[in-house]
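Engineer: Can you read through this structure? Questions will come right after.
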Amino acid sequence: MVKAKTIYNCQSCGASHPKWQGQCSQCGEWNTLVEEVLAPTTRGVANRKAFSEAQLKDRLVSWSQVKAKQGDGERISTQIEEFDRVLGGVGGKTGIVPGAVMLLGGEPGIGKSTLLTQVVLNLVRQELSGPIFYVCGEESPQQIDLRINRILIKENKKISKKNLTFITTVDVDELVEIVKTQQPSLVVVDSIQAMTTSDLTGAPGSVGQVREAADRLAKVAKRLHIPMFLIGHVTKDGAIAGPKTLEHIVDAVLELSGERTGELRLLRTLKNRFGATDEVGVFRVDEVGLAQVNNPSEFFLEHAETAVPGSATTCVMEGTRPLLIEVQALVVKSQLAMPRRVGRGIDLSRIQVLAAVLQKHCKQPLGSFDIFLSAAGGYKVTEPGVDLGLAMALVSSLKNKPLPQGSIFIGEVGLLGEIRQVSYLDRRLKEAKRLGFNQIYFKQTHRSVRELLGELKI
């Protein structure tokens, strides 16, 4: 087999180089050269590929033909509601889109392989038209079988083993040929960083290898209308490892996050061509795998302390879903020249702003105190609608006075100490009332934090 010619292109300026070098000679950027396959060129109009009549018919697809095949494009449910919710859909039909290529990323040990194994088992039970392929790039079939048996022990359900096939190659060209000949109903690649092509000289996991492997798999998935999951590693910064173009090649980018020491796992979409990117799936780690949490608010408030100084309940929005969470504050006299501001799951700059607002507009002497804030359950707070809950928790801890039983605080706090409106307020209020909170404080009840503190006499 003749080896394909390669060239090194700069990802910053696009300049081409015949061999690898650390610095681009055109733009001066370091470590931006990536190996790419050099496509063969033809000379002259006579050598250009001409379309035959059959090829032309294959390239042109009328809308009426697409409508006639609409049944082939129906979403495939994974039977995991939280997973289907994240994949998206309309009219109550959610799940996997045939032909879609989805990238699942997350920290090592967070549960990516376990989650997709559970998805695969549910699809095997549905007995789809073709076999399901699980590509073993990092584990042996025996190791995956151990994980499957662990999951099946809890579920206590029978399953047909003939519908699941393990593929033990890491050569992407071999995998493409296998997919073409066997026509599976689903392919899971674990992981895309393990796949290689002999056309490139880079090591497995290098930028060129990852991009070329993903591109070839995506093309065969689209051509044959086969859905495909790619498991991806992440860098130390939490981004998907490999080139940024990897995220452009795929149809959806899913992220599984959470603290490795905690039981909470959140599945989010960073990109989704076939659904919304503002949905979240909530899972918890149990003894055999990941169990979906159908009522996240009750999960977050399950161990919440009531009527304790420093504890407050607030509401966040994950996509269109309201979640009630407990925030906790600890305010103690500082022994340092510069008091500490520490947050777990809460941005440090937000803590500093709230402390400054409370000191200036509410006359709360937080400047000489150490402040520790935490969102219970390992949840990471990103939206401003929790500001009021954080502020009330801080003052409650400072004064050592508990907040009223059954109270919840919803709202953004401005730099002038005013309480501001938040999005999806009606959904937040409905969720709070459903869980029995009868004292709800937000913009319509109080104009400022100072006014609210005065009424509560804190």
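Every chain in the structure tokens has a letter given in the order shown (A, B, ...), and although residue numbers restart at 1 in each chain, ligands are simply numbered from 1 in the order shown.
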Please, which residues of stretch 127-244 of chain A, numbered as in this document, come out helix (DSSP H, G or I) from DSSP, as number ranges by chain?

Structural biologist: A: 141-155, 161-163, 172-182, 192-194, 207-224

Engineer: Using N, CA and C atoms, can you export the residues from the last selection as a compact mmCIF listing (two decimals), in the first residue's frame?

Structural biologist:
```txt
# COMPACT_ATOMS: atom_id res chain seq x y z
N PRO A 141 -12.22 -6.47 25.62
CA PRO A 141 -13.61 -6.93 25.72
C PRO A 141 -13.92 -7.57 27.07
N GLN A 142 -12.93 -8.24 27.66
CA GLN A 142 -13.15 -8.88 28.96
C GLN A 142 -13.39 -7.83 30.05
N GLN A 143 -12.67 -6.72 29.99
CA GLN A 143 -12.85 -5.66 30.98
C GLN A 143 -14.22 -5.00 30.83
N ILE A 144 -14.63 -4.79 29.59
CA ILE A 144 -15.96 -4.20 29.36
C ILE A 144 -17.05 -5.17 29.80
N ASP A 145 -16.81 -6.47 29.61
CA ASP A 145 -17.77 -7.47 30.05
C ASP A 145 -17.95 -7.43 31.57
N LEU A 146 -16.88 -7.17 32.30
CA LEU A 146 -16.99 -7.04 33.76
C LEU A 146 -17.89 -5.87 34.13
N ARG A 147 -17.74 -4.74 33.42
CA ARG A 147 -18.59 -3.58 33.69
C ARG A 147 -20.05 -3.88 33.35
N ILE A 148 -20.27 -4.57 32.25
CA ILE A 148 -21.64 -4.92 31.86
C ILE A 148 -22.29 -5.81 32.91
N ASN A 149 -21.56 -6.82 33.38
CA ASN A 149 -22.11 -7.73 34.39
C ASN A 149 -22.42 -7.00 35.68
N ARG A 150 -21.59 -6.02 36.04
CA ARG A 150 -21.85 -5.24 37.25
C ARG A 150 -23.15 -4.46 37.14
N ILE A 151 -23.39 -3.90 35.95
CA ILE A 151 -24.62 -3.14 35.73
C ILE A 151 -25.84 -4.06 35.71
N LEU A 152 -25.69 -5.22 35.08
CA LEU A 152 -26.82 -6.14 34.93
C LEU A 152 -27.23 -6.78 36.25
N ILE A 153 -26.29 -6.89 37.20
CA ILE A 153 -26.63 -7.47 38.50
C ILE A 153 -27.72 -6.65 39.17
N LYS A 154 -27.61 -5.33 39.11
CA LYS A 154 -28.61 -4.47 39.75
C LYS A 154 -29.93 -4.50 38.98
N GLU A 155 -29.84 -4.42 37.64
CA GLU A 155 -31.05 -4.35 36.84
C GLU A 155 -31.82 -5.66 36.84
N LYS A 161 -27.00 -11.41 24.10
CA LYS A 161 -25.61 -11.03 23.86
C LYS A 161 -25.27 -10.94 22.37
N LYS A 162 -26.09 -11.53 21.52
CA LYS A 162 -25.75 -11.58 20.10
C LYS A 162 -25.86 -10.22 19.42
N ASN A 163 -26.59 -9.28 20.04
CA ASN A 163 -26.78 -7.97 19.41
C ASN A 163 -25.67 -6.97 19.73
N VAL A 172 -8.44 3.37 12.33
CA VAL A 172 -9.70 3.96 11.92
C VAL A 172 -10.12 3.49 10.53
N ASP A 173 -9.14 3.21 9.66
CA ASP A 173 -9.48 2.74 8.31
C ASP A 173 -10.08 1.34 8.36
N GLU A 174 -9.56 0.47 9.23
CA GLU A 174 -10.15 -0.85 9.41
C GLU A 174 -11.57 -0.73 9.96
N LEU A 175 -11.74 0.18 10.92
CA LEU A 175 -13.07 0.36 11.51
C LEU A 175 -14.07 0.85 10.48
N VAL A 176 -13.65 1.77 9.63
CA VAL A 176 -14.55 2.29 8.59
C VAL A 176 -14.99 1.16 7.66
N GLU A 177 -14.07 0.29 7.27
CA GLU A 177 -14.42 -0.83 6.39
C GLU A 177 -15.37 -1.81 7.09
N ILE A 178 -15.14 -2.05 8.38
CA ILE A 178 -16.03 -2.95 9.13
C ILE A 178 -17.44 -2.37 9.19
N VAL A 179 -17.54 -1.06 9.44
CA VAL A 179 -18.85 -0.41 9.52
C VAL A 179 -19.55 -0.47 8.18
N LYS A 180 -18.82 -0.27 7.10
CA LYS A 180 -19.42 -0.31 5.76
C LYS A 180 -20.00 -1.69 5.44
N THR A 181 -19.29 -2.73 5.83
CA THR A 181 -19.73 -4.08 5.47
C THR A 181 -20.79 -4.64 6.41
N GLN A 182 -20.73 -4.28 7.70
CA GLN A 182 -21.63 -4.88 8.69
C GLN A 182 -22.90 -4.07 8.93
N ILE A 192 -11.81 8.28 21.06
CA ILE A 192 -11.36 8.82 19.78
C ILE A 192 -9.86 9.10 19.81
N GLN A 193 -9.30 9.36 21.01
CA GLN A 193 -7.86 9.62 21.12
C GLN A 193 -7.03 8.35 20.88
N ALA A 194 -7.65 7.18 20.98
CA ALA A 194 -6.93 5.93 20.76
C ALA A 194 -6.88 5.53 19.29
N VAL A 207 -2.84 15.80 17.58
CA VAL A 207 -3.89 16.64 16.97
C VAL A 207 -4.29 16.12 15.60
N GLY A 208 -3.30 15.81 14.76
CA GLY A 208 -3.61 15.34 13.42
C GLY A 208 -4.35 14.02 13.41
N GLN A 209 -3.91 13.07 14.24
CA GLN A 209 -4.55 11.75 14.29
C GLN A 209 -6.00 11.86 14.77
N VAL A 210 -6.23 12.65 15.81
CA VAL A 210 -7.59 12.79 16.36
C VAL A 210 -8.53 13.40 15.33
N ARG A 211 -8.08 14.45 14.68
CA ARG A 211 -8.94 15.12 13.70
C ARG A 211 -9.22 14.22 12.50
N GLU A 212 -8.20 13.55 11.99
CA GLU A 212 -8.39 12.70 10.81
C GLU A 212 -9.30 11.52 11.14
N ALA A 213 -9.12 10.92 12.32
CA ALA A 213 -9.96 9.79 12.71
C ALA A 213 -11.42 10.22 12.85
N ALA A 214 -11.64 11.35 13.52
CA ALA A 214 -13.01 11.84 13.70
C ALA A 214 -13.65 12.18 12.36
N ASP A 215 -12.89 12.77 11.47
CA ASP A 215 -13.43 13.16 10.17
C ASP A 215 -13.84 11.94 9.35
N ARG A 216 -13.03 10.90 9.35
CA ARG A 216 -13.36 9.70 8.57
C ARG A 216 -14.55 8.95 9.17
N LEU A 217 -14.62 8.91 10.49
CA LEU A 217 -15.76 8.25 11.12
C LEU A 217 -17.05 9.03 10.88
N ALA A 218 -16.97 10.36 10.94
CA ALA A 218 -18.16 11.18 10.72
C ALA A 218 -18.69 11.01 9.30
N LYS A 219 -17.79 10.90 8.34
CA LYS A 219 -18.22 10.75 6.95
C LYS A 219 -18.97 9.44 6.73
N VAL A 220 -18.45 8.35 7.30
CA VAL A 220 -19.13 7.06 7.11
C VAL A 220 -20.44 7.02 7.88
N ALA A 221 -20.51 7.69 9.02
CA ALA A 221 -21.76 7.74 9.79
C ALA A 221 -22.84 8.48 9.02
N LYS A 222 -22.48 9.59 8.38
CA LYS A 222 -23.45 10.36 7.60
C LYS A 222 -23.90 9.58 6.37
N ARG A 223 -22.93 8.94 5.72
CA ARG A 223 -23.25 8.24 4.47
C ARG A 223 -24.19 7.07 4.70
N LEU A 224 -23.97 6.35 5.80
CA LEU A 224 -24.76 5.14 6.07
C LEU A 224 -25.89 5.38 7.06
```

Engineer: Which polymer residues have any atom within 7 Å of an atom of stretch 378-392 of chain A, counting only C-alpha atoms, with same-chain residues fewer than 2 positions away left out, as a compact mmCIF listing (two decimals) with N, CA and C atoms, in the first residue's frame?

Structural biologist:
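Full text of selection09.txt as output:
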```
# COMPACT_ATOMS: atom_id res chain seq x y z
N GLU A 259 -17.86 16.42 40.79
CA GLU A 259 -16.70 16.14 41.62
C GLU A 259 -16.51 14.63 41.74
N GLY A 262 -17.70 13.19 44.88
CA GLY A 262 -19.13 13.31 45.17
C GLY A 262 -19.95 12.35 44.33
N LEU A 264 -22.77 13.35 42.61
CA LEU A 264 -23.53 14.07 41.60
C LEU A 264 -22.79 14.10 40.27
N ALA A 312 -29.08 28.94 53.44
CA ALA A 312 -30.17 29.56 52.70
C ALA A 312 -30.51 28.70 51.49
N THR A 313 -31.76 28.76 51.08
CA THR A 313 -32.21 28.01 49.90
C THR A 313 -32.47 28.99 48.77
N THR A 314 -32.02 28.62 47.57
CA THR A 314 -32.24 29.46 46.40
C THR A 314 -32.58 28.56 45.22
N CYS A 315 -32.78 29.16 44.06
CA CYS A 315 -33.19 28.40 42.87
C CYS A 315 -32.34 28.80 41.68
N VAL A 316 -31.82 27.81 40.98
CA VAL A 316 -31.04 28.05 39.77
C VAL A 316 -31.78 27.43 38.59
N VAL A 327 -27.38 26.80 49.76
CA VAL A 327 -26.07 27.44 49.81
C VAL A 327 -25.71 27.67 51.27
N GLY A 345 -17.58 25.74 44.39
CA GLY A 345 -18.68 25.75 43.45
C GLY A 345 -19.23 27.13 43.17
N ILE A 346 -18.58 28.16 43.72
CA ILE A 346 -19.01 29.55 43.56
C ILE A 346 -17.81 30.38 43.15
N LEU A 354 -20.37 40.53 46.28
CA LEU A 354 -21.45 40.49 47.27
C LEU A 354 -20.98 41.01 48.62
N ALA A 375 -21.86 25.67 47.66
CA ALA A 375 -23.14 25.16 47.16
C ALA A 375 -23.21 23.68 47.53
N ALA A 376 -24.19 23.31 48.31
CA ALA A 376 -24.29 21.93 48.80
C ALA A 376 -24.48 20.95 47.65
N LEU A 394 -24.71 34.82 53.90
CA LEU A 394 -23.58 35.54 54.49
C LEU A 394 -23.99 36.32 55.73
N VAL A 395 -25.07 37.08 55.62
CA VAL A 395 -25.53 37.89 56.76
C VAL A 395 -26.01 36.99 57.89
N SER A 396 -26.67 35.89 57.55
CA SER A 396 -27.14 34.96 58.57
C SER A 396 -25.99 34.39 59.39
N PHE A 409 -34.87 32.37 48.57
CA PHE A 409 -34.46 33.70 48.09
C PHE A 409 -34.02 33.58 46.63
N ILE A 410 -34.69 34.37 45.78
CA ILE A 410 -34.45 34.30 44.33
C ILE A 410 -34.20 35.71 43.81
N GLY A 411 -33.08 35.95 43.18
CA GLY A 411 -32.84 37.26 42.60
C GLY A 411 -31.37 37.57 42.42
N GLU A 412 -31.11 38.46 41.48
CA GLU A 412 -29.75 38.97 41.27
C GLU A 412 -29.57 40.22 42.11
N VAL A 413 -28.40 40.41 42.67
CA VAL A 413 -28.10 41.59 43.47
C VAL A 413 -27.20 42.51 42.66
N VAL A 422 -34.99 38.05 37.52
CA VAL A 422 -34.29 36.91 36.93
C VAL A 422 -35.18 36.27 35.87
```

Engineer: With only C-alpha atoms as the atoms that count, which of A:Val119, A:Ala393, A:Ala432, A:Leu336 lies nearest to A:Ala307?

Structural biologist: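 Ranking A:Val119, A:Ala393, A:Ala432, A:Leu336 by distance to A:Ala307, first place goes to A:Ala393.
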
Engineer: Can you measure atom CA of A:Phe133 to atom CA of A:Thr168 for me? One decimal in Å is fine.

Structural biologist: 10.2 Å

Engineer: With only C-alpha atoms as the atoms that count, which of A:Leu456, A:Gly137, A:Lys244, A:Phe283 lies nearest to A:Thr196?

Structural biologist: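 That would be A:Gly137, the residue with the smallest distance to A:Thr196.
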
Engineer: Select from stretch 155-184 of chain A everything DSSP, run on the backbone, classes as strand (DSSP E or B), then give the selection as a PyMOL selection string.

Structural biologist: chain A and resi 164-167+171

Engineer: If you count only C-alpha atoms, which residues fall within 8 Å of A:Glu298, apart from same-chain ones fewer than 3 positions away, as a list in words?

Structural biologist: Asn295, Leu301, Glu302, Leu324 and Leu435 of chain A

Engineer: Using only C-alpha atoms for the distances, tell me which of A:Gly377, A:Gly88, A:Gly281, A:Gly105 is nearest to A:Leu246.

Structural biologist: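 For A:Leu246, the nearest of the given residues is A:Gly105.
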
Engineer: Write out as a list in words each polymer residue whose atoms come within 8 Å of A:Val293, counting only C-alpha atoms; drop sequence neighbours fewer than 5 positions from it.

Structural biologist: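 In the requested form, the answer reads Glu82, Val282, Phe283, Arg284 and Phe299 of chain A.
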
Engineer: Would you write out those residues with N, CA and C atoms, as a short mmCIF file (atom, residue, chain, number, x, y, z; two decimals), in the first residue's frame?

Structural biologist:
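Wrote it out as out26.cif, contents follow:
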```
data_model
loop_
_atom_site.label_atom_id
_atom_site.label_comp_id
_atom_site.auth_asym_id
_atom_site.auth_seq_id
_atom_site.Cartn_x
_atom_site.Cartn_y
_atom_site.Cartn_z
N GLU A 82 -33.15 11.18 31.42
CA GLU A 82 -32.22 12.29 31.59
C GLU A 82 -31.27 12.39 30.40
N VAL A 282 -29.36 15.04 35.10
CA VAL A 282 -28.81 14.89 36.45
C VAL A 282 -28.73 13.40 36.79
N PHE A 283 -27.55 12.96 37.20
CA PHE A 283 -27.32 11.57 37.57
C PHE A 283 -26.61 11.53 38.92
N ARG A 284 -26.73 10.39 39.58
CA ARG A 284 -25.96 10.18 40.81
C ARG A 284 -25.25 8.83 40.70
N PHE A 299 -33.28 16.01 45.50
CA PHE A 299 -31.95 15.43 45.70
C PHE A 299 -31.01 16.44 46.36
#
```
